[in-house]
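Asker: What follows is target.cif, made up of mmCIF, C-alpha atoms and all ligand atoms:
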```cif
data_data
loop_
_atom_site.label_atom_id
_atom_site.label_comp_id
_atom_site.auth_asym_id
_atom_site.auth_seq_id
_atom_site.Cartn_x
_atom_site.Cartn_y
_atom_site.Cartn_z
CA MET A 1 91.68 189.23 79.85
CA VAL A 2 90.39 191.05 76.82
CA GLY A 3 92.87 191.08 74.00
CA LYS A 4 93.33 192.63 70.62
CA PHE A 5 90.74 191.34 68.16
CA LEU A 6 92.62 189.54 65.49
CA SER A 7 91.94 187.30 62.64
CA GLN A 8 92.92 183.80 63.66
CA SER A 9 95.07 183.11 60.70
CA CYS A 10 98.40 181.92 59.45
CA GLY A 11 99.24 185.18 57.83
CA GLY A 12 96.76 187.93 58.28
CA HIS A 13 94.51 186.85 55.48
CA ASP A 14 91.27 188.64 54.97
CA GLY A 15 89.72 185.81 53.05
CA VAL A 16 90.40 182.12 53.34
CA CYS A 17 93.70 180.50 54.17
CA ASP A 18 95.05 177.01 54.66
CA PHE A 19 95.04 177.31 58.41
CA CYS A 20 92.03 179.37 59.31
CA GLY A 21 89.59 178.60 56.55
CA PRO A 22 86.95 181.32 56.39
CA ASN A 23 88.17 184.32 58.25
CA VAL A 24 87.02 183.74 61.81
CA ARG A 25 87.70 186.62 64.13
CA THR A 26 88.75 185.63 67.56
CA LYS A 27 90.53 187.17 70.50
CA ILE A 28 94.22 187.00 71.04
CA MET A 29 94.34 186.44 74.74
CA ARG A 30 97.62 188.11 75.58
CA ASN A 31 99.16 191.50 74.94
CA ILE A 32 102.57 191.97 76.50
CA VAL A 33 105.21 194.66 76.74
CA ALA A 34 108.37 193.42 78.45
CA GLY A 35 111.42 195.51 79.34
CA ASN A 36 114.87 193.97 79.09
CA TRP A 37 117.35 196.02 81.06
CA LYS A 38 120.32 193.84 80.06
CA SER A 39 123.37 194.80 82.21
CA ASN A 40 122.13 198.23 83.19
CA LYS A 41 121.17 200.03 86.40
CA LEU A 42 122.41 199.80 89.96
CA MET A 43 120.13 198.65 92.76
CA SER A 44 119.18 202.21 93.79
CA GLU A 45 118.25 203.00 90.17
CA ALA A 46 116.16 199.85 89.92
CA LEU A 47 114.23 200.87 93.02
CA LYS A 48 113.69 204.37 91.67
CA TRP A 49 112.40 202.94 88.38
CA MET A 50 109.79 200.90 90.22
CA GLU A 51 108.81 203.86 92.33
CA ASP A 52 108.30 205.93 89.16
CA MET A 53 106.34 203.15 87.44
CA SER A 54 104.06 202.44 90.35
CA PRO A 55 101.49 205.30 90.05
CA TRP A 56 101.32 204.83 86.28
CA MET A 57 100.59 201.08 86.33
CA PRO A 58 96.76 201.44 86.34
CA ASN A 59 97.13 203.10 82.89
CA ARG A 60 98.38 199.91 81.27
CA GLY A 61 94.86 198.84 80.28
CA HIS A 62 94.92 195.25 79.11
CA VAL A 63 98.64 195.04 78.52
CA GLU A 64 100.67 192.65 80.64
CA VAL A 65 103.76 194.58 81.70
CA MET A 66 106.95 192.69 82.46
CA VAL A 67 110.46 193.77 83.34
CA ALA A 68 113.68 191.76 83.26
CA PRO A 69 116.22 193.41 85.60
CA PRO A 70 119.71 192.11 86.30
CA THR A 71 119.68 188.91 88.37
CA PRO A 72 120.80 190.37 91.73
CA TYR A 73 117.64 192.49 91.95
CA LEU A 74 115.10 189.81 91.08
CA ALA A 75 113.94 188.77 94.55
CA MET A 76 113.79 192.32 95.84
CA MET A 77 111.95 193.62 92.79
CA SER A 78 109.51 190.72 92.75
CA SER A 79 108.50 191.35 96.33
CA ASP A 80 108.19 195.13 95.85
CA ALA A 81 106.66 195.20 92.37
CA PRO A 82 103.51 197.28 91.98
CA LYS A 83 100.32 195.44 91.01
CA GLY A 84 100.40 194.37 87.38
CA LEU A 85 104.18 194.39 86.98
CA SER A 86 105.67 190.93 86.47
CA VAL A 87 109.35 190.52 87.14
CA ILE A 88 111.22 188.07 84.94
CA ALA A 89 114.85 187.00 84.67
CA GLN A 90 117.16 187.49 81.69
CA ASN A 91 118.35 183.90 81.83
CA VAL A 92 117.90 180.59 83.66
CA SER A 93 119.93 177.44 84.06
CA SER A 94 119.33 174.57 81.68
CA GLU A 95 120.12 172.26 84.62
CA GLY A 96 118.31 171.35 87.79
CA SER A 97 119.81 172.02 91.21
CA GLY A 98 123.21 170.54 91.97
CA ALA A 99 126.89 171.29 91.50
CA HIS A 100 126.56 174.00 88.85
CA THR A 101 128.47 177.01 90.15
CA GLY A 102 126.99 180.30 89.06
CA GLU A 103 123.75 178.87 87.73
CA TYR A 104 120.24 179.43 89.06
CA THR A 105 117.33 177.15 88.38
CA ALA A 106 113.77 177.82 87.30
CA GLU A 107 112.61 176.51 90.66
CA MET A 108 114.83 179.07 92.43
CA LEU A 109 113.36 181.86 90.33
CA LYS A 110 109.89 180.68 91.24
CA SER A 111 110.77 180.63 94.93
CA CYS A 112 111.70 184.33 94.62
CA GLY A 113 108.36 185.26 93.08
CA VAL A 114 109.85 185.66 89.60
CA SER A 115 107.34 184.99 86.80
CA GLY A 116 109.62 183.68 84.08
CA ALA A 117 112.75 184.37 82.07
CA ILE A 118 113.98 185.53 78.69
CA VAL A 119 115.75 182.69 76.89
CA GLY A 120 117.69 182.54 73.65
CA HIS A 121 118.39 186.26 73.40
CA SER A 122 120.75 186.83 70.49
CA GLU A 123 123.33 188.45 72.79
CA ARG A 124 123.48 185.25 74.82
CA ARG A 125 123.48 183.06 71.73
CA ALA A 126 126.35 185.08 70.19
CA ARG A 127 128.50 185.72 73.24
CA PHE A 128 127.65 183.36 76.09
CA GLY A 129 127.34 179.98 74.44
CA ASP A 130 123.56 179.61 74.41
CA THR A 131 123.18 177.04 71.65
CA ASP A 132 119.82 175.98 70.23
CA ALA A 133 120.01 172.82 72.34
CA LEU A 134 120.68 174.74 75.56
CA VAL A 135 117.92 177.22 74.75
CA ALA A 136 115.51 174.33 74.24
CA GLN A 137 116.46 172.92 77.66
CA LYS A 138 115.96 176.32 79.26
CA VAL A 139 112.49 176.63 77.75
CA ARG A 140 111.63 173.21 79.16
CA ALA A 141 113.06 174.07 82.59
CA LEU A 142 110.79 177.12 82.75
CA VAL A 143 107.56 175.65 81.45
CA SER A 144 107.90 172.62 83.70
CA GLU A 145 107.79 175.07 86.65
CA LYS A 146 104.88 176.86 84.99
CA LEU A 147 107.01 179.96 84.49
CA GLN A 148 106.89 182.15 81.40
CA ALA A 149 109.53 181.40 78.80
CA VAL A 150 110.07 184.50 76.68
CA PHE A 151 111.77 182.74 73.80
CA CYS A 152 113.79 184.94 71.44
CA CYS A 153 114.39 184.18 67.80
CA GLY A 154 115.59 186.23 64.87
CA GLU A 155 117.95 186.44 61.94
CA THR A 156 121.16 188.33 61.23
CA LEU A 157 121.39 190.96 58.51
CA ASP A 158 123.34 188.53 56.29
CA GLN A 159 120.62 185.93 56.67
CA ARG A 160 117.92 188.45 55.82
CA GLU A 161 119.82 189.64 52.77
CA ALA A 162 120.36 186.04 51.68
CA GLY A 163 116.60 185.48 51.87
CA THR A 164 116.87 182.85 54.61
CA ALA A 165 115.32 184.81 57.50
CA GLN A 166 112.17 182.73 57.66
CA THR A 167 114.04 179.43 57.53
CA VAL A 168 116.36 180.57 60.31
CA VAL A 169 113.46 181.58 62.54
CA HIS A 170 111.49 178.40 61.79
CA ASP A 171 114.57 176.33 62.61
CA GLN A 172 114.94 178.13 65.93
CA LEU A 173 111.26 177.48 66.69
CA THR A 174 111.63 173.85 65.69
CA THR A 175 114.52 173.27 68.08
CA ALA A 176 113.03 175.04 71.07
CA ILE A 177 109.27 174.73 70.77
CA LEU A 178 108.33 171.82 68.49
CA GLY A 179 108.62 169.06 71.09
CA LEU A 180 106.58 170.89 73.73
CA ASP A 181 103.22 169.56 74.74
CA ALA A 182 100.41 171.93 73.76
CA SER A 183 99.59 172.28 77.47
CA ALA A 184 102.88 174.19 77.85
CA LEU A 185 101.87 176.93 75.41
CA PRO A 186 100.29 179.25 77.99
CA PHE A 187 103.84 179.55 79.36
CA VAL A 188 105.46 180.35 76.03
CA VAL A 189 105.91 183.85 74.65
CA VAL A 190 107.78 184.24 71.37
CA ALA A 191 109.89 187.36 70.84
CA TYR A 192 110.92 187.96 67.25
CA GLU A 193 114.03 190.09 67.39
CA PRO A 194 115.82 190.66 64.10
CA ILE A 195 119.44 190.86 65.26
CA TRP A 196 120.20 193.75 62.92
CA ALA A 197 117.56 195.85 64.70
CA ILE A 198 118.71 195.27 68.29
CA GLY A 199 120.23 198.34 69.87
CA THR A 200 121.01 199.78 66.44
CA GLY A 201 118.20 202.30 66.17
CA LYS A 202 117.23 200.45 63.00
CA THR A 203 113.72 199.04 63.35
CA ALA A 204 112.12 196.48 61.09
CA SER A 205 109.34 198.19 59.16
CA SER A 206 105.88 197.27 60.39
CA GLU A 207 105.39 195.30 57.13
CA GLU A 208 108.63 193.36 57.61
CA ALA A 209 107.82 192.63 61.23
CA GLN A 210 104.20 191.65 60.51
CA ALA A 211 105.29 189.31 57.70
CA MET A 212 107.62 187.43 60.04
CA HIS A 213 105.09 187.39 62.86
CA ALA A 214 102.47 185.97 60.50
CA SER A 215 104.92 183.30 59.48
CA ILE A 216 105.67 182.47 63.14
CA ARG A 217 101.92 182.29 63.80
CA GLY A 218 101.61 180.00 60.79
CA TRP A 219 104.32 177.73 62.14
CA MET A 220 102.54 177.64 65.50
CA ALA A 221 99.21 176.87 63.81
CA GLU A 222 100.72 174.04 61.79
CA THR A 223 102.37 172.61 64.89
CA PHE A 224 99.72 173.07 67.57
CA GLY A 225 96.53 173.99 65.73
CA VAL A 226 94.99 177.35 64.99
CA GLU A 227 93.31 177.88 68.31
CA LYS A 228 96.40 177.21 70.43
CA ALA A 229 98.55 179.27 68.04
CA SER A 230 96.26 182.25 68.41
CA GLU A 231 96.81 182.26 72.16
CA VAL A 232 100.59 182.58 72.00
CA ALA A 233 101.78 186.17 72.26
CA ILE A 234 104.37 187.03 69.61
CA LEU A 235 106.38 190.11 70.57
CA TYR A 236 108.54 192.28 68.37
CA GLY A 237 111.94 193.43 69.65
CA GLY A 238 114.59 195.66 68.14
CA SER A 239 114.75 199.44 68.60
CA CYS A 240 111.10 199.64 69.56
CA LYS A 241 110.37 203.01 71.18
CA PRO A 242 107.46 205.34 71.91
CA SER A 243 107.56 206.81 68.40
CA ASN A 244 107.16 203.49 66.57
CA ALA A 245 105.37 201.31 69.13
CA GLN A 246 101.85 202.12 67.99
CA GLU A 247 102.57 201.38 64.34
CA LEU A 248 104.21 198.05 65.21
CA PHE A 249 101.70 196.93 67.84
CA SER A 250 98.75 197.70 65.56
CA GLN A 251 99.85 194.95 63.19
CA GLN A 252 97.67 191.91 63.18
CA ASP A 253 100.14 189.37 64.54
CA ILE A 254 102.23 191.65 66.75
CA ASN A 255 101.01 191.25 70.30
CA GLY A 256 103.49 193.56 71.96
CA GLY A 257 107.19 194.08 72.35
CA LEU A 258 110.42 193.15 74.05
CA ILE A 259 112.04 196.48 74.76
CA GLY A 260 115.71 197.09 75.52
CA GLY A 261 116.98 200.68 75.52
CA ALA A 262 113.52 202.25 75.74
CA SER A 263 112.67 200.29 78.90
CA LEU A 264 115.34 201.99 80.99
CA ALA A 265 113.58 205.32 81.51
CA PRO A 266 110.08 204.91 82.98
CA LEU A 267 108.57 207.60 80.74
CA ASP A 268 109.89 205.94 77.57
CA PHE A 269 108.71 202.54 78.70
CA GLN A 270 105.29 203.91 79.57
CA GLY A 271 105.17 205.56 76.14
CA VAL A 272 105.83 202.19 74.52
CA VAL A 273 103.07 200.48 76.53
CA GLU A 274 100.69 203.34 75.71
CA GLY A 275 101.36 202.65 72.04
CA HIS A 276 99.66 199.28 72.40
CA PRO A 277 96.00 199.32 71.33
CA ALA A 278 95.13 197.10 74.31
CA SER A 279 96.35 199.82 76.70
CA GLN A 280 93.29 201.81 75.68
CA GLN A 281 90.92 199.04 76.75
CA ALA A 282 89.21 199.73 80.04
P1 LIG B 301 116.60 197.31 71.92
O1 LIG B 301 116.81 195.82 72.49
O2 LIG B 301 115.16 197.65 72.18
O3 LIG B 301 117.55 198.16 72.70
O4 LIG B 301 116.91 197.26 70.46
C1 LIG B 301 115.82 194.85 72.39
C2 LIG B 301 116.31 193.55 72.98
O5 LIG B 301 117.51 193.23 72.82
O6 LIG B 301 115.54 192.81 73.62
#
```
Now that the file is in, can you turn its structure into structure tokens?
Ligand code: PGA

Answerer:
Amino acid sequence: MVGKFLSQSCGGHDGVCDFCGPNVRTKIMRNIVAGNWKSNKLMSEALKWMEDMSPWMPNRGHVEVMVAPPTPYLAMMSSDAPKGLSVIAQNVSSEGSGAHTGEYTAEMLKSCGVSGAIVGHSERRARFGDTDALVAQKVRALVSEKLQAVFCCGETLDQREAGTAQTVVHDQLTTAILGLDASALPFVVVAYEPIWAIGTGKTASSEEAQAMHASIRGWMAETFGVEKASEVAILYGGSCKPSNAQELFSQQDINGGLIGGASLAPLDFQGVVEGHPASQQA
């Protein structure tokens, strides 16, 4: 798949940097826009959304389009999804099969045709007990089934104002991603979602977002090497919508987005995907 041409770097340097040396241009392999419906839509509305998306899907160019509907619709949506639409879950069990009432395993998701799951979303971390350790186990459960782990990280407003945003994000990466074998990286997608921007209408500026993405790419490069790091898609999430998608997705280390509110209406979601430079690639 043809991706956005990017400098393979730790921070968008035009010259020489510690990680990339002379500026070598390479291809980022993945461009992704993923919708996160959270707890929204009834079954009939989910079906209508897919029906409305279906004729538009050929317009996505070289963007991988994913949607994370509520759990009850996963199997149905996976089997009915139009070509090019990957259906992912919003969560997965950290455990294998067994006596774990209410949980569903990565293997079960796979058996339903589901392509992966979002893990570590700040709403789950804050309200449903998803600790760093649990999130790390969930990432492992997914990648061991060769499913996509859309791993969310991001700081609170207090942490940003205290100047600790980067440390917080690096710590989250360290807990969940550091111990992975490099062979698992094709199944890892990082979603940087500043908590203060989620559902608030307040978006990180493209400079703020790019700076954090570059720092995440740098962490990846230090941990797994430049080449592997350049292949991991790093998505931005937090009040991303058609009017700001292009500006955000044009940044060097922003490979797409994780979209909440603007993924609910097909036209908005399509507008976000169309903001991605890779959607223009034939
Ligand atoms: P938002 O949500 O786009 O509604 O801000 C993003 C997310 O929580 O993934």

Asker: Nearest residue to Glu207 of chain A out of A:Gln166, A:Ser183, A:Gln251, A:Gln148, using only C-alpha atoms?

Answerer: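 That would be A:Gln251, the residue with the smallest distance to Glu207 of chain A.
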
Asker: Given a cut-off of 6 Å, what residues near ligand LIG 301 (chain B) show up using all atoms listed in the file, put as a PDB file with C-alpha atoms, in the frame of the given file?

Answerer:
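Here's the written file out_37.pdb:
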```
ATOM      1  CA  ASN A  36     114.870 193.970  79.090  1.00  0.00           C
ATOM      2  CA  ALA A 197     117.560 195.850  64.700  1.00  0.00           C
ATOM      3  CA  ILE A 198     118.710 195.270  68.290  1.00  0.00           C
ATOM      4  CA  GLY A 199     120.230 198.340  69.870  1.00  0.00           C
ATOM      5  CA  GLY A 237     111.940 193.430  69.650  1.00  0.00           C
ATOM      6  CA  GLY A 238     114.590 195.660  68.140  1.00  0.00           C
ATOM      7  CA  SER A 239     114.750 199.440  68.600  1.00  0.00           C
ATOM      8  CA  CYS A 240     111.100 199.640  69.560  1.00  0.00           C
ATOM      9  CA  LEU A 258     110.420 193.150  74.050  1.00  0.00           C
ATOM     10  CA  ILE A 259     112.040 196.480  74.760  1.00  0.00           C
ATOM     11  CA  GLY A 260     115.710 197.090  75.520  1.00  0.00           C
ATOM     12  CA  GLY A 261     116.980 200.680  75.520  1.00  0.00           C
TER      13      GLY A 261
END
```

Asker: Check the smallest atom-to-atom distance from each of A:Gln280, A:Ala162, A:Leu134, A:Ala265 to Lys48 of chain A using only C-alpha atoms, then report the winner.

Answerer: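 Selected residue with least distance to Lys48 of chain A: A:Ala265.
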
Asker: Which of these residues is nearest to Ala214 of chain A, using all atoms listed in the file: A:Ile254, A:Ala176, A:Met29, A:Val226?

Answerer: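 Using all atoms listed in the file, the shortest distance to Ala214 of chain A belongs to A:Ile254.
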
Asker: Any idea what's packed within 10 Å of Phe269 of chain A, counting all atoms listed in the file, ignoring anything in its chain fewer than 6 positions away? Could you give it as a PDB file with C-alpha atoms, in the coordinates of the input?

Answerer:
```pdb
ATOM      1  CA  VAL A  33     105.210 194.660  76.740  1.00  0.00           C
ATOM      2  CA  ALA A  34     108.370 193.420  78.450  1.00  0.00           C
ATOM      3  CA  GLY A  35     111.420 195.510  79.340  1.00  0.00           C
ATOM      4  CA  MET A  53     106.340 203.150  87.440  1.00  0.00           C
ATOM      5  CA  VAL A  65     103.760 194.580  81.700  1.00  0.00           C
ATOM      6  CA  CYS A 240     111.100 199.640  69.560  1.00  0.00           C
ATOM      7  CA  LYS A 241     110.370 203.010  71.180  1.00  0.00           C
ATOM      8  CA  PRO A 242     107.460 205.340  71.910  1.00  0.00           C
ATOM      9  CA  ILE A 259     112.040 196.480  74.760  1.00  0.00           C
ATOM     10  CA  GLY A 260     115.710 197.090  75.520  1.00  0.00           C
ATOM     11  CA  GLY A 261     116.980 200.680  75.520  1.00  0.00           C
ATOM     12  CA  ALA A 262     113.520 202.250  75.740  1.00  0.00           C
ATOM     13  CA  SER A 263     112.670 200.290  78.900  1.00  0.00           C
ATOM     14  CA  GLY A 275     101.360 202.650  72.040  1.00  0.00           C
TER      15      GLY A 275
END
```

Asker: Counting all atoms listed in the file, figure out which residue out of A:Val168, A:Ala106, A:Val92, A:Leu157 gets nearest to Glu145 of chain A.

Answerer: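 Going through A:Val168, A:Ala106, A:Val92, A:Leu157 one by one, the smallest distance to Glu145 of chain A is for A:Ala106.
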
Asker: Applying 12 Å and all atoms listed in the file, which residues near Arg30 of chain A remain after dropping the ones on its own chain fewer than 6 positions away? List them as a PyMOL selection string.

Answerer: chain A and resi 1-6+62-65+185-190+229-235+253-257+276+278-279

Asker: Take the residues from that selection and write them out as a PDB file, in the coordinates of the input, keeping C-alpha atoms.

Answerer:
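As written to disk, result_0.pdb reads:
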```
ATOM      1  CA  MET A   1      91.680 189.230  79.850  1.00  0.00           C
ATOM      2  CA  VAL A   2      90.390 191.050  76.820  1.00  0.00           C
ATOM      3  CA  GLY A   3      92.870 191.080  74.000  1.00  0.00           C
ATOM      4  CA  LYS A   4      93.330 192.630  70.620  1.00  0.00           C
ATOM      5  CA  PHE A   5      90.740 191.340  68.160  1.00  0.00           C
ATOM      6  CA  LEU A   6      92.620 189.540  65.490  1.00  0.00           C
ATOM      7  CA  HIS A  62      94.920 195.250  79.110  1.00  0.00           C
ATOM      8  CA  VAL A  63      98.640 195.040  78.520  1.00  0.00           C
ATOM      9  CA  GLU A  64     100.670 192.650  80.640  1.00  0.00           C
ATOM     10  CA  VAL A  65     103.760 194.580  81.700  1.00  0.00           C
ATOM     11  CA  LEU A 185     101.870 176.930  75.410  1.00  0.00           C
ATOM     12  CA  PRO A 186     100.290 179.250  77.990  1.00  0.00           C
ATOM     13  CA  PHE A 187     103.840 179.550  79.360  1.00  0.00           C
ATOM     14  CA  VAL A 188     105.460 180.350  76.030  1.00  0.00           C
ATOM     15  CA  VAL A 189     105.910 183.850  74.650  1.00  0.00           C
ATOM     16  CA  VAL A 190     107.780 184.240  71.370  1.00  0.00           C
ATOM     17  CA  ALA A 229      98.550 179.270  68.040  1.00  0.00           C
ATOM     18  CA  SER A 230      96.260 182.250  68.410  1.00  0.00           C
ATOM     19  CA  GLU A 231      96.810 182.260  72.160  1.00  0.00           C
ATOM     20  CA  VAL A 232     100.590 182.580  72.000  1.00  0.00           C
ATOM     21  CA  ALA A 233     101.780 186.170  72.260  1.00  0.00           C
ATOM     22  CA  ILE A 234     104.370 187.030  69.610  1.00  0.00           C
ATOM     23  CA  LEU A 235     106.380 190.110  70.570  1.00  0.00           C
ATOM     24  CA  ASP A 253     100.140 189.370  64.540  1.00  0.00           C
ATOM     25  CA  ILE A 254     102.230 191.650  66.750  1.00  0.00           C
ATOM     26  CA  ASN A 255     101.010 191.250  70.300  1.00  0.00           C
ATOM     27  CA  GLY A 256     103.490 193.560  71.960  1.00  0.00           C
ATOM     28  CA  GLY A 257     107.190 194.080  72.350  1.00  0.00           C
ATOM     29  CA  HIS A 276      99.660 199.280  72.400  1.00  0.00           C
ATOM     30  CA  ALA A 278      95.130 197.100  74.310  1.00  0.00           C
ATOM     31  CA  SER A 279      96.350 199.820  76.700  1.00  0.00           C
TER      32      SER A 279
END
```
